[in-house]
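The next block is final-v1.cif, given as mmCIF, C-alpha atoms and all ligand atoms.
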```cif
data_run
loop_
_atom_site.label_atom_id
_atom_site.label_comp_id
_atom_site.auth_asym_id
_atom_site.auth_seq_id
_atom_site.Cartn_x
_atom_site.Cartn_y
_atom_site.Cartn_z
CA MET N 292 52.20 1.99 35.87
CA PRO N 293 53.16 -1.51 37.06
CA GLU N 294 50.44 -2.83 39.33
CA VAL N 295 50.39 -5.05 42.37
CA THR N 296 47.39 -7.39 42.13
CA ARG N 297 46.24 -10.43 44.03
CA PHE N 298 44.14 -13.54 43.68
CA ALA N 299 42.49 -14.23 47.03
CA PRO N 300 40.67 -17.56 47.12
CA SER N 301 39.21 -19.19 50.22
CA PRO N 302 40.45 -22.76 50.68
CA THR N 303 36.92 -24.01 51.27
CA GLY N 304 36.42 -26.00 48.06
CA TRP N 305 38.03 -26.88 44.74
CA LEU N 306 38.71 -24.03 42.33
CA HIS N 307 36.47 -23.91 39.26
CA LEU N 308 36.47 -22.09 35.93
CA GLY N 309 35.37 -18.86 37.62
CA HIS N 310 38.45 -18.93 39.80
CA ALA N 311 40.61 -19.70 36.77
CA TYR N 312 39.23 -16.60 35.10
CA ALA N 313 39.79 -14.45 38.21
CA ALA N 314 43.35 -15.71 38.66
CA LEU N 315 44.30 -15.26 34.99
CA PHE N 316 42.69 -11.81 35.03
CA ALA N 317 44.60 -10.65 38.11
CA HIS N 318 47.82 -12.09 36.73
CA GLU N 319 47.37 -10.30 33.42
CA GLN N 320 46.68 -6.98 35.13
CA ALA N 321 49.96 -7.40 37.01
CA ALA N 322 52.00 -7.66 33.82
CA GLY N 323 55.28 -5.88 34.52
CA GLY N 324 54.32 -5.55 38.18
CA ARG N 325 53.66 -8.07 40.97
CA PHE N 326 51.08 -10.82 41.29
CA LEU N 327 50.30 -12.10 44.79
CA VAL N 328 48.17 -14.93 46.10
CA ARG N 329 46.38 -14.70 49.42
CA LEU N 330 44.57 -17.47 51.25
CA GLU N 331 41.37 -16.17 52.80
CA ASP N 332 40.96 -18.81 55.47
CA ILE N 333 39.59 -16.90 58.45
CA ASP N 334 36.59 -19.22 58.45
CA GLY N 335 38.40 -21.98 60.29
CA THR N 336 35.35 -24.22 60.24
CA ARG N 337 35.33 -24.46 56.44
CA ALA N 338 38.98 -24.04 55.38
CA ARG N 339 40.87 -27.29 54.74
CA PRO N 340 44.54 -28.01 54.00
CA GLU N 341 43.71 -30.23 51.01
CA TYR N 342 41.88 -27.35 49.35
CA GLU N 343 44.85 -25.11 50.03
CA GLU N 344 47.25 -27.55 48.36
CA ALA N 345 44.89 -27.92 45.44
CA ILE N 346 44.85 -24.13 44.92
CA PHE N 347 48.60 -24.11 44.31
CA GLU N 348 48.39 -27.15 42.05
CA ASP N 349 45.65 -25.56 39.98
CA LEU N 350 47.40 -22.19 39.70
CA ALA N 351 50.63 -23.86 38.61
CA TRP N 352 48.66 -25.85 36.04
CA LEU N 353 47.21 -22.58 34.75
CA GLY N 354 50.81 -21.54 34.11
CA LEU N 355 50.85 -18.76 36.72
CA ASN N 356 53.78 -17.58 38.83
CA TRP N 357 53.21 -15.87 42.12
CA GLU N 358 55.36 -14.46 44.87
CA THR N 359 56.11 -16.50 47.96
CA PRO N 360 55.49 -16.70 50.81
CA VAL N 361 51.78 -16.27 50.25
CA ARG N 362 49.80 -14.52 52.94
CA ARG N 363 47.52 -16.81 54.90
CA GLN N 364 44.94 -14.79 56.83
CA SER N 365 44.79 -17.15 59.78
CA ASP N 366 48.48 -16.40 60.47
CA HIS N 367 47.73 -12.71 60.93
CA PHE N 368 44.93 -12.34 63.44
CA ASP N 369 47.02 -9.76 65.30
CA ASP N 370 46.84 -7.42 62.31
CA TYR N 371 43.05 -7.57 62.41
CA ARG N 372 43.03 -7.05 66.18
CA THR N 373 45.13 -3.93 65.70
CA ALA N 374 42.65 -2.60 63.14
CA LEU N 375 39.73 -3.35 65.46
CA ALA N 376 41.49 -1.51 68.26
CA LYS N 377 41.76 1.57 66.02
CA LEU N 378 38.05 1.40 65.28
CA GLU N 379 37.33 1.02 69.00
CA VAL N 380 39.24 4.23 69.63
CA LEU N 381 37.06 5.96 67.03
CA ASP N 382 34.05 4.59 68.94
CA VAL N 383 32.39 3.20 65.82
CA LEU N 384 32.02 -0.42 67.00
CA TYR N 385 29.50 -1.97 69.34
CA PRO N 386 29.09 -5.46 70.79
CA CYS N 387 26.16 -7.40 69.39
CA PHE N 388 24.82 -10.25 71.50
CA CYS N 389 22.11 -11.34 69.08
CA THR N 390 22.03 -14.90 67.84
CA ARG N 391 21.22 -15.59 64.20
CA ARG N 392 17.77 -16.74 65.21
CA GLU N 393 17.06 -13.62 67.28
CA ILE N 394 18.01 -11.47 64.32
CA GLN N 395 15.69 -13.42 62.01
CA GLU N 396 12.84 -13.14 64.49
CA GLU N 397 13.37 -9.42 64.89
CA ILE N 398 13.40 -8.95 61.13
CA ALA N 399 10.21 -10.99 60.76
CA ARG N 400 8.54 -8.97 63.53
CA ALA N 401 9.49 -5.64 62.00
CA GLY N 402 8.25 -6.73 58.54
CA ASN N 403 9.51 -5.03 55.41
CA ALA N 404 13.12 -4.96 56.62
CA PRO N 405 15.53 -3.04 54.38
CA GLN N 406 17.55 -5.33 52.14
CA GLY N 407 21.28 -5.20 51.54
CA PRO N 408 23.41 -7.09 49.02
CA ASP N 409 23.66 -10.05 51.44
CA GLY N 410 20.02 -10.09 52.55
CA PRO N 411 18.01 -8.15 55.14
CA LEU N 412 19.99 -5.61 57.13
CA TYR N 413 20.67 -6.06 60.81
CA PRO N 414 17.81 -4.33 62.62
CA GLY N 415 20.08 -2.57 65.10
CA THR N 416 18.84 -4.37 68.21
CA CYS N 417 22.13 -3.99 70.11
CA ARG N 418 23.11 -0.56 68.78
CA ASN N 419 21.72 1.46 71.63
CA ARG N 420 22.37 -0.71 74.65
CA SER N 421 23.77 1.17 77.61
CA ALA N 422 27.46 0.99 78.47
CA ASP N 423 26.49 -0.69 81.75
CA GLU N 424 24.44 -3.40 80.11
CA ARG N 425 27.22 -4.10 77.61
CA ALA N 426 29.84 -4.31 80.33
CA GLU N 427 27.66 -6.60 82.46
CA ARG N 428 26.86 -9.00 79.65
CA ILE N 429 30.49 -9.17 78.55
CA ALA N 430 31.61 -9.72 82.14
CA ALA N 431 29.03 -12.52 82.43
CA GLY N 432 30.78 -14.26 79.56
CA GLU N 433 28.04 -13.78 76.96
CA ALA N 434 29.29 -14.29 73.39
CA TYR N 435 29.23 -11.25 71.13
CA ALA N 436 30.26 -10.02 67.71
CA LEU N 437 31.52 -6.52 66.95
CA ARG N 438 29.44 -4.49 64.53
CA LEU N 439 30.24 -1.26 62.77
CA ASP N 440 27.86 1.56 63.60
CA VAL N 441 27.84 2.71 60.02
CA THR N 442 25.85 5.91 60.55
CA LYS N 443 28.16 7.04 63.31
CA ALA N 444 31.20 6.01 61.28
CA MET N 445 30.11 8.17 58.34
CA ALA N 446 29.17 11.19 60.40
CA GLY N 447 31.56 14.03 59.75
CA LEU N 448 33.23 12.38 56.76
CA SER N 449 33.04 14.09 53.42
CA ASP N 450 32.12 12.13 50.30
CA LEU N 451 34.32 9.10 49.76
CA ILE N 452 35.05 8.41 46.13
CA TRP N 453 36.38 5.18 44.67
CA LYS N 454 37.32 4.25 41.15
CA ASP N 455 36.63 1.11 39.22
CA ARG N 456 38.48 0.94 35.91
CA ALA N 457 35.59 -0.76 34.16
CA HIS N 458 32.58 0.77 35.89
CA GLY N 459 33.71 4.33 36.58
CA SER N 460 33.88 6.44 39.73
CA PHE N 461 31.50 5.93 42.62
CA LYS N 462 30.53 7.94 45.65
CA ALA N 463 30.72 5.38 48.43
CA ARG N 464 27.40 4.21 49.94
CA PRO N 465 28.70 2.08 52.82
CA ALA N 466 25.31 2.02 54.51
CA VAL N 467 24.05 -0.48 51.91
CA PHE N 468 25.30 -3.21 54.24
CA GLY N 469 23.89 -1.70 57.42
CA ASP N 470 25.81 -2.35 60.64
CA VAL N 471 28.03 -5.17 59.39
CA VAL N 472 29.86 -7.61 61.62
CA LEU N 473 33.59 -6.87 61.63
CA ALA N 474 34.61 -9.50 64.17
CA ARG N 475 32.93 -12.67 65.36
CA LYS N 476 33.02 -14.21 68.76
CA ASP N 477 35.67 -16.74 67.81
CA THR N 478 37.43 -14.81 64.99
CA PRO N 479 38.82 -11.29 65.33
CA ALA N 480 37.98 -10.48 61.71
CA SER N 481 35.33 -10.74 59.04
CA TYR N 482 35.89 -10.84 55.29
CA HIS N 483 35.35 -7.07 55.01
CA LEU N 484 37.86 -6.16 57.68
CA ALA N 485 40.50 -8.69 56.67
CA VAL N 486 40.40 -7.77 53.00
CA VAL N 487 41.05 -4.06 53.52
CA VAL N 488 43.78 -4.67 56.08
CA ASP N 489 45.49 -7.25 53.86
CA ASP N 490 45.24 -5.25 50.65
CA ALA N 491 46.94 -2.35 52.43
CA LEU N 492 49.63 -4.45 54.12
CA GLN N 493 50.40 -6.21 50.86
CA GLY N 494 50.63 -2.94 48.93
CA ILE N 495 47.89 -3.90 46.46
CA THR N 496 47.42 -1.10 43.93
CA LEU N 497 44.67 -2.70 41.85
CA VAL N 498 42.02 -4.94 43.41
CA THR N 499 40.59 -7.25 40.76
CA ARG N 500 37.65 -9.49 41.63
CA GLY N 501 34.22 -10.52 40.46
CA GLU N 502 31.33 -8.13 39.99
CA ASP N 503 29.51 -9.91 42.81
CA LEU N 504 31.78 -8.00 45.19
CA LEU N 505 31.30 -4.56 43.64
CA GLU N 506 28.83 -3.49 46.32
CA ALA N 507 31.25 -4.56 49.05
CA THR N 508 33.68 -1.93 47.81
CA HIS N 509 31.39 0.82 49.14
CA LEU N 510 32.02 -0.51 52.61
CA HIS N 511 35.71 -1.22 52.02
CA ARG N 512 36.24 2.40 51.01
CA LEU N 513 34.78 3.53 54.36
CA LEU N 514 36.94 1.10 56.33
CA GLN N 515 40.04 2.34 54.52
CA GLU N 516 39.13 5.90 55.45
CA LEU N 517 38.52 5.06 59.10
CA LEU N 518 41.74 3.06 59.35
CA GLY N 519 43.84 5.60 57.43
CA LEU N 520 44.80 3.05 54.77
CA PRO N 521 45.89 3.80 51.21
CA VAL N 522 43.09 3.60 48.64
CA PRO N 523 43.76 1.31 45.68
CA GLU N 524 41.80 1.22 42.44
CA TRP N 525 39.40 -1.58 41.59
CA LEU N 526 38.52 -3.58 38.54
CA HIS N 527 35.47 -5.78 39.03
CA HIS N 528 35.19 -8.33 36.26
CA ARG N 529 32.40 -10.44 34.84
CA LEU N 530 31.45 -13.73 36.45
CA ILE N 531 31.74 -17.05 34.69
CA THR N 532 28.41 -18.84 34.47
CA ASP N 533 27.28 -22.30 33.37
CA GLU N 534 25.20 -23.01 30.26
CA ALA N 535 22.06 -22.04 32.16
CA GLY N 536 23.57 -18.66 33.03
CA LYS N 537 24.01 -19.62 36.67
CA ARG N 538 27.12 -18.59 38.57
CA LEU N 539 29.52 -21.44 39.21
CA ALA N 540 29.63 -22.60 42.81
CA LYS N 541 32.29 -24.36 44.81
CA ARG N 542 29.88 -27.16 45.65
CA ASP N 543 29.74 -28.12 42.00
CA ASP N 544 32.67 -30.54 42.04
CA ALA N 545 32.10 -31.71 38.49
CA ARG N 546 33.18 -28.33 37.19
CA SER N 547 36.26 -28.01 39.34
CA LEU N 548 39.56 -27.47 37.57
CA ARG N 549 40.86 -30.74 38.94
CA SER N 550 37.89 -32.71 37.55
CA LEU N 551 38.23 -31.01 34.18
CA ARG N 552 41.94 -31.82 34.22
CA SER N 553 41.36 -35.47 34.99
CA ALA N 554 38.69 -35.56 32.29
CA GLY N 555 41.48 -34.61 29.89
CA TRP N 556 40.88 -30.87 29.42
CA THR N 557 43.95 -28.98 28.29
CA LEU N 558 44.92 -25.52 29.43
CA ASP N 559 43.97 -24.20 25.99
CA GLU N 560 40.50 -25.66 26.39
CA VAL N 561 40.12 -24.04 29.79
CA ARG N 562 41.18 -20.70 28.34
CA ALA N 563 38.85 -21.10 25.40
CA ALA N 564 35.95 -21.82 27.76
CA ILE N 565 36.37 -18.61 29.75
CA LEU N 566 38.32 -15.99 27.80
N1 LIG C 601 38.02 -14.55 49.05
C1 LIG C 601 37.05 -14.00 48.18
C2 LIG C 601 36.40 -15.08 47.36
O1 LIG C 601 36.79 -16.21 47.43
C3 LIG C 601 37.66 -12.95 47.25
C4 LIG C 601 37.84 -11.68 47.97
C5 LIG C 601 38.38 -10.51 47.18
O2 LIG C 601 38.94 -10.71 46.09
O3 LIG C 601 38.27 -9.41 47.68
O4 LIG C 601 35.46 -14.81 46.64
#
```
Give the structure from the file, written as structure tokens.
Amino acid sequence: MPEVTRFAPSPTGWLHLGHAYAALFAHEQAAGGRFLVRLEDIDGTRARPEYEEAIFEDLAWLGLNWETPVRRQSDHFDDYRTALAKLEVLDVLYPCFCTRREIQEEIARAGNAPQGPDGPLYPGTCRNRSADERAERIAAGEAYALRLDVTKAMAGLSDLIWKDRAHGSFKARPAVFGDVVLARKDTPASYHLAVVVDDALQGITLVTRGEDLLEATHLHRLLQELLGLPVPEWLHHRLITDEAGKRLAKRDDARSLRSLRSAGWTLDEVRAAIL
């Protein structure tokens, strides 16, 4: 079956060999189908236009063709607001007034906090605040994020299954992330919310991405269920590492595709280094 795949970089740094692998991988999986590019730039404090331009330059240099216009997340905040409104109706969100520091202190106080893939889980401080207190604090102009009450969200749902073409079928365990933030005070979306909304709106049939995001799929499967979105299949691929076995990072400019290119690397050499 022809697939619709996407490469979804964040324009927050130069692309490196790991991105080249992910882009070539997604493109190859779309053979005979459609390959899309999406700019994940909801973090307005880190996204920069020069990184965005460089993404297109690098992808063209890799010999890839993609459909235009590309979807830029920051152009579509209304889509994420609509999804949040649906979750509000289901009563599975709550406002969280905690600052980062308060969360850390609470975790330290509790000791032995359960760990998720991104670190200790949110201790649930704001989960059970009364409707009156919430309304008062919001009316007073206090900043808040919206968190998913994951236990409530899963109540009454039967097992959610998702399929990864390399790793097999999974029964979703969305609670591994605890009560995640789905919207921040200044952004009506988080990565998890935006990615499921976008994949559905763009008609993605096969989500390809690195194995570092495999755990996130447990949560994405739940969000798709709650929002009534189509469920794609996934293919999480290996990560490209340096000689020391460490994952490549965006901060490491020396390994960016543009530095390799100016150091004289050819496309064949890039392919040989990762494929
Ligand atoms: N934007 C994410 C990243 O840069 C990829 C998200 C995804 O493929 O789901 O790692």
(message) 8 Å from ligand LIG 601 (chain C) is the threshold here; counting only C-alpha atoms and all ligand atoms, which polymer residues fall inside it? Answer as number ranges by chain.
(response) N: 297-301, 330-331, 482, 486, 498-501, 504
Keeping only C-alpha atoms, take the residues you just selected and write them out as a PDB file, keeping the file's coordinate frame.
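Generated file (part_1.pdb):
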```pdb
ATOM      1  CA  ARG N 297      46.240 -10.430  44.030  1.00  0.00           C
ATOM      2  CA  PHE N 298      44.140 -13.540  43.680  1.00  0.00           C
ATOM      3  CA  ALA N 299      42.490 -14.230  47.030  1.00  0.00           C
ATOM      4  CA  PRO N 300      40.670 -17.560  47.120  1.00  0.00           C
ATOM      5  CA  SER N 301      39.210 -19.190  50.220  1.00  0.00           C
ATOM      6  CA  LEU N 330      44.570 -17.470  51.250  1.00  0.00           C
ATOM      7  CA  GLU N 331      41.370 -16.170  52.800  1.00  0.00           C
ATOM      8  CA  TYR N 482      35.890 -10.840  55.290  1.00  0.00           C
ATOM      9  CA  VAL N 486      40.400  -7.770  53.000  1.00  0.00           C
ATOM     10  CA  VAL N 498      42.020  -4.940  43.410  1.00  0.00           C
ATOM     11  CA  THR N 499      40.590  -7.250  40.760  1.00  0.00           C
ATOM     12  CA  ARG N 500      37.650  -9.490  41.630  1.00  0.00           C
ATOM     13  CA  GLY N 501      34.220 -10.520  40.460  1.00  0.00           C
ATOM     14  CA  LEU N 504      31.780  -8.000  45.190  1.00  0.00           C
TER      15      LEU N 504
END
```
(request) Using only C-alpha atoms, pick whichever of N:Glu294, N:Cys417, N:Pro523, N:Leu530 has the shortest atom-to-atom distance to N:Asp489. (result) N:Pro523
(request) Measure the distance from atom CA of N:Leu381 to atom CA of N:Leu514 in Å and round it to one decimal. (result) 11.8 Å
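When only C-alpha atoms are used to compute distances to N:Gly335, the closest of the residues N:Arg428, N:Arg546, N:Asp366, N:Ala564 turns out to be N:Asp366.
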(message) What's around N:Arg425 at 12 Å? Count all atoms listed in the file, leave out sequence neighbours fewer than 3 positions away in its own chain, and write the answer as a list in words.
(response) Tyr385, Pro386, Cys387, Phe388, Cys417, Arg418, Asn419, Arg420, Ser421, Ala422, Arg428, Ile429, Ala430, Ala431, Gly432, Glu433, Ala434, Tyr435, Ala436 and Leu437 of chain N
